[in-house]
Amino acid sequence: MNKVHSPTLSNDRKTIALQRWKILKQALTGSRSSETRTSDGSIRRFSGYGLLKTEKLSMTPEGSVWYQYTAPSQPGFAMSVRHLPGTIDASTLLGFNNTGNVCVWPAEEVMTDYCLKNSEQFRDCSVCELGGGMTCLAGLALAIVSKATSVLISDGNEDSVENLNVILSHQDNQSQFDNTKVSSRLIRWGGDTKHEDLEGRFDFVLCADCLFFDDGRADLADLIFDILKPNGKAIIYAPHRGPTFESFRDLAQKQFHVDAQEKYSPEVWDLHCKMKMNESGIYDENIHFPLLMTLTKHS
Ligand SMILES: C[S@@+](CC[C@H](N)C(=O)[O-])C[C@H]1O[C@@H](n2cnc3c(N)ncnc32)[C@H](O)[C@@H]1O
């Protein structure tokens, strides 16, 4: 197994608590992605590595925005994706976790880039994305470019799944699915709901930035194990976020063969190093730079 360097193993609990409050504040104020407020009060944010490009298409009366996503590395590729407004009210706060409706996180961007560049790997396979938030970008991209048999995109948040349904029914996306059976559904790890119909069904599970829920890691590992076929693989991208990546790796080793890497792509590593050298202070590798973890279910 490759060694993964962990930059912030001290003060872990404090760091995670601060990150959670930051996410909550961002969600309440409607600010997107990971933002930094400068001394003059303006906001700067890390909006991703530039592996994908977005062009605003339209806005709904409720404030949701349709974007066309393209990828410089994949000429001709385009998908239509709706983002939810991002602001939440008190009732949303009482509901299920909302972090997937605030922005597309860098781990999802990098996972999408991986799927676009390795689509052949998924030919004739069944794929499920877990915790994909309001866009499930990686799963949607695969549904469009790969010859997968089926792609199921999912999240545990109802608003996210409602948005996924709308995205899948967009004609520009539907017309590109070809023979791949594409669907969306609410899937939660933990809790009382059983997903018996999904057991042993998938060759691949995709998951981005879902390892930092302390009370969810064991349930997530169990769900991945249950829904994968023997020899099936989970492709997981997630930043360190304190000790949470390592904690999940330790846990997963009980059930899977685990491989973890930080230099999984020369291009992403190069972008990461450049971001780190940038002195603007908007890039925090602990919450932005996704590591890659691959889980293989023993047969
Ligand atoms: C940080 S967001 C990541 C969303 C998306 N993958 C991305 O990177 O943009 C974490 C996601 O995990 C989902 N989530 C949290 N706990 C969950 C659970 N128990 N079951 C299913 N989804 C869950 C949230 O709804 C949210 O969409």
# chains A, B, ... in the order shown; residues from 1 in each chain; ligands from 1
$ closest_atom_pairs --of "chain A" --to "ligand 1" --cutoff "7 Å" --atoms "only C-alpha atoms and all ligand atoms" --output "Markdown table"
| residue | atom | partner | partner_atom_place_in_ligand_line | distance |
| --- | --- | --- | --- | --- |
| A:Phe96 | CA | ligand 1 | 25 (O) | 6.9 |
| A:Asn97 | CA | ligand 1 | 25 (O) | 5.1 |
| A:Asn98 | CA | ligand 1 | 25 (O) | 5.5 |
| A:Thr99 | CA | ligand 1 | 2 (S) | 4.6 |
| A:Gly100 | CA | ligand 1 | 27 (O) | 3.2 |
| A:Asn101 | CA | ligand 1 | 27 (O) | 6.5 |
| A:Cys103 | CA | ligand 1 | 9 (O) | 6.1 |
| A:Val104 | CA | ligand 1 | 9 (O) | 3.6 |
| A:Trp105 | CA | ligand 1 | 9 (O) | 3.9 |
| A:Pro106 | CA | ligand 1 | 8 (O) | 6.4 |
| A:Ala107 | CA | ligand 1 | 8 (O) | 5.2 |
| A:Glu108 | CA | ligand 1 | 8 (O) | 4.1 |
| A:Leu130 | CA | ligand 1 | 22 (N) | 6.6 |
| A:Gly131 | CA | ligand 1 | 12 (O) | 4.1 |
| A:Gly132 | CA | ligand 1 | 6 (N) | 3.7 |
| A:Gly133 | CA | ligand 1 | 27 (O) | 3.4 |
| A:Met134 | CA | ligand 1 | 27 (O) | 6.6 |
| A:Cys136 | CA | ligand 1 | 6 (N) | 6.4 |
| A:Asp155 | CA | ligand 1 | 22 (N) | 4.6 |
| A:Gly156 | CA | ligand 1 | 21 (C) | 3.5 |
| A:Asn157 | CA | ligand 1 | 25 (O) | 4.6 |
| A:Ser160 | CA | ligand 1 | 27 (O) | 6.9 |
| A:Ile187 | CA | ligand 1 | 21 (C) | 5.6 |
| A:Arg188 | CA | ligand 1 | 20 (N) | 3.3 |
| A:Trp189 | CA | ligand 1 | 20 (N) | 4.2 |
| A:Gly190 | CA | ligand 1 | 19 (N) | 5.6 |
| A:Cys207 | CA | ligand 1 | 6 (N) | 6.2 |
| A:Ala208 | CA | ligand 1 | 6 (N) | 4.2 |
| A:Asp209 | CA | ligand 1 | 8 (O) | 4.9 |
| A:Cys210 | CA | ligand 1 | 10 (C) | 4.7 |
| A:Phe213 | CA | ligand 1 | 16 (N) | 6.7 |
| A:Gly216 | CA | ligand 1 | 19 (N) | 5.8 |
$ write_last_selection --atoms "C-alpha atoms" --output "compact mmCIF listing (two decimals), in the first residue's frame"
# COMPACT_ATOMS: atom_id res chain seq x y z
CA PHE A 96 -30.42 15.70 6.44
CA ASN A 97 -26.83 16.79 5.84
CA ASN A 98 -26.72 19.57 3.23
CA THR A 99 -23.02 19.71 2.27
CA GLY A 100 -23.74 18.24 -1.16
CA ASN A 101 -26.09 21.11 -2.07
CA CYS A 103 -21.11 23.37 -4.11
CA VAL A 104 -19.34 20.71 -6.17
CA TRP A 105 -16.33 19.78 -4.05
CA PRO A 106 -12.84 19.37 -5.55
CA ALA A 107 -12.89 15.59 -4.92
CA GLU A 108 -15.92 15.28 -7.22
CA LEU A 130 -22.82 7.18 -3.46
CA GLY A 131 -23.03 10.59 -1.74
CA GLY A 132 -22.78 12.41 -5.07
CA GLY A 133 -24.56 15.53 -3.81
CA MET A 134 -26.78 17.67 -6.02
CA CYS A 136 -23.20 13.38 -9.07
CA ASP A 155 -27.25 10.74 -2.37
CA GLY A 156 -28.87 10.58 1.07
CA ASN A 157 -30.32 14.08 0.85
CA SER A 160 -30.00 16.44 -3.93
CA ILE A 187 -29.44 5.88 -0.88
CA ARG A 188 -28.35 6.40 2.72
CA TRP A 189 -25.71 4.53 4.59
CA GLY A 190 -26.67 3.86 8.22
CA CYS A 207 -17.67 8.19 -3.86
CA ALA A 208 -16.22 11.71 -3.39
CA ASP A 209 -15.62 13.62 -0.16
CA CYS A 210 -17.84 11.55 2.10
CA PHE A 213 -18.82 12.12 8.84
CA GLY A 216 -21.05 7.44 9.16
$ closest_atom_pairs --of "range 126-155 of chain A" --to "range 65-88 of chain A" --cutoff "9 Å" --atoms "only C-alpha atoms" --output "JSON lines"
{"residue": "A:Met134", "atom": "CA", "partner": "A:His83", "partner_atom": "CA", "distance": 6.7}
{"residue": "A:Thr135", "atom": "CA", "partner": "A:Val81", "partner_atom": "CA", "distance": 6.6}
{"residue": "A:Leu137", "atom": "CA", "partner": "A:Val81", "partner_atom": "CA", "distance": 8.1}
{"residue": "A:Leu140", "atom": "CA", "partner": "A:Met79", "partner_atom": "CA", "distance": 7.9}
{"residue": "A:Ala141", "atom": "CA", "partner": "A:Met79", "partner_atom": "CA", "distance": 7.2}
{"residue": "A:Ile144", "atom": "CA", "partner": "A:Met79", "partner_atom": "CA", "distance": 7.9}
{"residue": "A:Val145", "atom": "CA", "partner": "A:Phe77", "partner_atom": "CA", "distance": 7.8}
$ select_by_dssp --residues "range 58-297 of chain A" --states "helix (DSSP H, G or I)" --output "number ranges by chain"
A: 90-94, 99-101, 106-117, 119-122, 137-145, 158-169, 171-174, 196-198, 217-227, 244-252, 266-277, 285-288
$ atom_distance --atom1 "CA of Tyr49 in chain A" --atom2 "CA of Cys273 in chain A"
11.2 Å
$ residues_around --residues "Thr244 in chain A" --least-positions-apart "6" --cutoff "8 Å" --atoms "only C-alpha atoms" --output "PyMOL selection string"
chain A and resi 211-212+214
$ write_last_selection --atoms "N, CA and C atoms" --output "compact mmCIF listing (two decimals), in the first residue's frame"
# COMPACT_ATOMS: atom_id res chain seq x y z
N LEU A 211 -15.95 11.05 3.58
CA LEU A 211 -15.32 10.27 4.66
C LEU A 211 -15.27 11.03 5.98
N PHE A 212 -15.74 12.28 5.98
CA PHE A 212 -15.53 13.10 7.19
C PHE A 212 -16.70 13.07 8.16
N ASP A 214 -18.08 11.50 11.06
CA ASP A 214 -17.54 10.56 12.05
C ASP A 214 -18.50 9.41 12.35
$ atom_distance --atom1 "CA of Val127 in chain A" --atom2 "CA of Tyr237 in chain A"
15.6 Å
$ select_by_dssp --residues "range 39-267 of chain A" --states "strand (DSSP E)" --output "MDAnalysis selection string"
chainID A and resid 43:46 53:59 65:70 78:83 126:130 150:155 181:186 202:208 228:238 256:261
$ write_last_selection --atoms "C-alpha atoms" --output "short mmCIF file (atom, residue, chain, number, x, y, z; two decimals), in the first residue's frame"
data_model
loop_
_atom_site.label_atom_id
_atom_site.label_comp_id
_atom_site.auth_asym_id
_atom_site.auth_seq_id
_atom_site.Cartn_x
_atom_site.Cartn_y
_atom_site.Cartn_z
CA ILE A 43 -14.53 36.87 -0.56
CA ARG A 44 -12.08 34.67 -2.45
CA ARG A 45 -12.64 31.03 -3.01
CA PHE A 46 -10.96 27.93 -4.32
CA LYS A 53 -15.15 24.18 -17.41
CA THR A 54 -18.60 25.59 -16.73
CA GLU A 55 -20.71 27.97 -18.76
CA LYS A 56 -23.89 29.37 -17.26
CA LEU A 57 -26.92 28.53 -19.39
CA SER A 58 -29.94 29.79 -17.45
CA MET A 59 -31.44 30.41 -14.03
CA VAL A 65 -28.64 27.58 -12.18
CA TRP A 66 -28.11 25.37 -15.23
CA TYR A 67 -24.51 25.03 -16.37
CA GLN A 68 -22.94 23.35 -19.32
CA TYR A 69 -19.92 21.38 -18.13
CA THR A 70 -17.13 20.61 -20.59
CA ALA A 78 -20.68 18.31 -22.66
CA MET A 79 -23.27 17.71 -19.94
CA SER A 80 -26.06 19.93 -18.60
CA VAL A 81 -26.05 20.21 -14.83
CA ARG A 82 -28.33 22.12 -12.47
CA HIS A 83 -26.90 23.59 -9.25
CA SER A 126 -22.58 -1.64 -13.41
CA VAL A 127 -21.67 1.53 -11.53
CA CYS A 128 -23.15 3.27 -8.49
CA GLU A 129 -22.17 6.69 -7.18
CA LEU A 130 -22.82 7.18 -3.46
CA SER A 150 -25.90 0.78 -15.89
CA VAL A 151 -25.13 3.87 -13.84
CA LEU A 152 -27.05 4.61 -10.65
CA ILE A 153 -26.41 8.04 -9.12
CA SER A 154 -27.44 8.72 -5.54
CA ASP A 155 -27.25 10.74 -2.37
CA LYS A 181 -29.37 2.37 -18.19
CA VAL A 182 -29.18 5.51 -16.06
CA SER A 183 -31.17 6.15 -12.89
CA SER A 184 -31.09 8.10 -9.64
CA ARG A 185 -32.30 7.24 -6.18
CA LEU A 186 -32.03 8.12 -2.52
CA PHE A 202 -22.12 -3.35 -8.73
CA ASP A 203 -18.74 -3.74 -10.38
CA PHE A 204 -17.81 -0.20 -9.31
CA VAL A 205 -18.80 2.23 -6.59
CA LEU A 206 -17.76 5.90 -6.86
CA CYS A 207 -17.67 8.19 -3.86
CA ALA A 208 -16.22 11.71 -3.39
CA LEU A 228 -20.23 -4.50 -4.59
CA LYS A 229 -19.91 -7.79 -6.46
CA PRO A 230 -17.06 -10.06 -5.40
CA ASN A 231 -13.87 -8.50 -6.84
CA GLY A 232 -15.80 -5.24 -7.28
CA LYS A 233 -13.96 -1.97 -6.70
CA ALA A 234 -14.77 1.29 -4.95
CA ILE A 235 -13.02 4.38 -6.27
CA ILE A 236 -12.98 6.97 -3.54
CA TYR A 237 -11.58 10.49 -3.68
CA ALA A 238 -11.43 12.50 -0.47
CA PHE A 256 -11.24 -4.82 1.62
CA HIS A 257 -7.89 -4.80 -0.02
CA VAL A 258 -7.07 -1.08 0.27
CA ASP A 259 -4.75 1.06 -1.81
CA ALA A 260 -4.28 4.75 -1.05
CA GLN A 261 -2.34 7.23 -3.14
#
$ atom_distance --atom1 "CA of Thr180 in chain A" --atom2 "CA of Ala148 in chain A"
5.7 Å
$ closest_residue --among "A:Asp226, A:Asp215, A:Glu285, A:Glu267" --to "Ser247 in chain A" --atoms "only C-alpha atoms"
A:Asp215
$ decode --residues "range 92-137 of chain A" --atoms "C-alpha atoms" --output "mmCIF file, in the first residue's frame"
data_model
loop_
_atom_site.group_PDB
_atom_site.id
_atom_site.type_symbol
_atom_site.label_atom_id
_atom_site.label_comp_id
_atom_site.auth_asym_id
_atom_site.auth_seq_id
_atom_site.Cartn_x
_atom_site.Cartn_y
_atom_site.Cartn_z
ATOM 1 C CA THR A 92 -33.125 22.635 5.949
ATOM 2 C CA LEU A 93 -30.747 22.769 8.890
ATOM 3 C CA LEU A 94 -32.953 20.408 10.846
ATOM 4 C CA GLY A 95 -33.056 17.981 7.938
ATOM 5 C CA PHE A 96 -30.424 15.702 6.440
ATOM 6 C CA ASN A 97 -26.831 16.794 5.844
ATOM 7 C CA ASN A 98 -26.717 19.572 3.233
ATOM 8 C CA THR A 99 -23.021 19.713 2.270
ATOM 9 C CA GLY A 100 -23.743 18.242 -1.158
ATOM 10 C CA ASN A 101 -26.087 21.110 -2.067
ATOM 11 C CA VAL A 102 -23.633 23.889 -1.318
ATOM 12 C CA CYS A 103 -21.114 23.367 -4.111
ATOM 13 C CA VAL A 104 -19.345 20.706 -6.167
ATOM 14 C CA TRP A 105 -16.333 19.780 -4.051
ATOM 15 C CA PRO A 106 -12.839 19.368 -5.551
ATOM 16 C CA ALA A 107 -12.888 15.595 -4.923
ATOM 17 C CA GLU A 108 -15.922 15.280 -7.221
ATOM 18 C CA GLU A 109 -14.165 17.339 -9.892
ATOM 19 C CA VAL A 110 -11.056 15.139 -9.755
ATOM 20 C CA MET A 111 -13.151 11.942 -9.728
ATOM 21 C CA THR A 112 -15.034 13.187 -12.809
ATOM 22 C CA ASP A 113 -11.733 13.860 -14.555
ATOM 23 C CA TYR A 114 -10.660 10.294 -13.702
ATOM 24 C CA CYS A 115 -13.906 8.834 -15.080
ATOM 25 C CA LEU A 116 -13.650 10.817 -18.303
ATOM 26 C CA LYS A 117 -10.069 9.722 -18.891
ATOM 27 C CA ASN A 118 -10.646 6.080 -17.938
ATOM 28 C CA SER A 119 -14.119 5.464 -19.291
ATOM 29 C CA GLU A 120 -13.049 2.265 -21.060
ATOM 30 C CA GLN A 121 -12.507 0.660 -17.628
ATOM 31 C CA PHE A 122 -16.281 0.796 -17.061
ATOM 32 C CA ARG A 123 -17.374 -0.852 -20.328
ATOM 33 C CA ASP A 124 -20.107 -3.479 -19.704
ATOM 34 C CA CYS A 125 -19.993 -2.743 -15.961
ATOM 35 C CA SER A 126 -22.577 -1.637 -13.414
ATOM 36 C CA VAL A 127 -21.671 1.531 -11.527
ATOM 37 C CA CYS A 128 -23.147 3.269 -8.489
ATOM 38 C CA GLU A 129 -22.167 6.687 -7.182
ATOM 39 C CA LEU A 130 -22.825 7.180 -3.459
ATOM 40 C CA GLY A 131 -23.029 10.590 -1.745
ATOM 41 C CA GLY A 132 -22.779 12.410 -5.073
ATOM 42 C CA GLY A 133 -24.563 15.526 -3.814
ATOM 43 C CA MET A 134 -26.779 17.673 -6.023
ATOM 44 C CA THR A 135 -24.837 16.853 -9.239
ATOM 45 C CA CYS A 136 -23.203 13.384 -9.070
ATOM 46 C CA LEU A 137 -20.906 14.829 -11.729
#
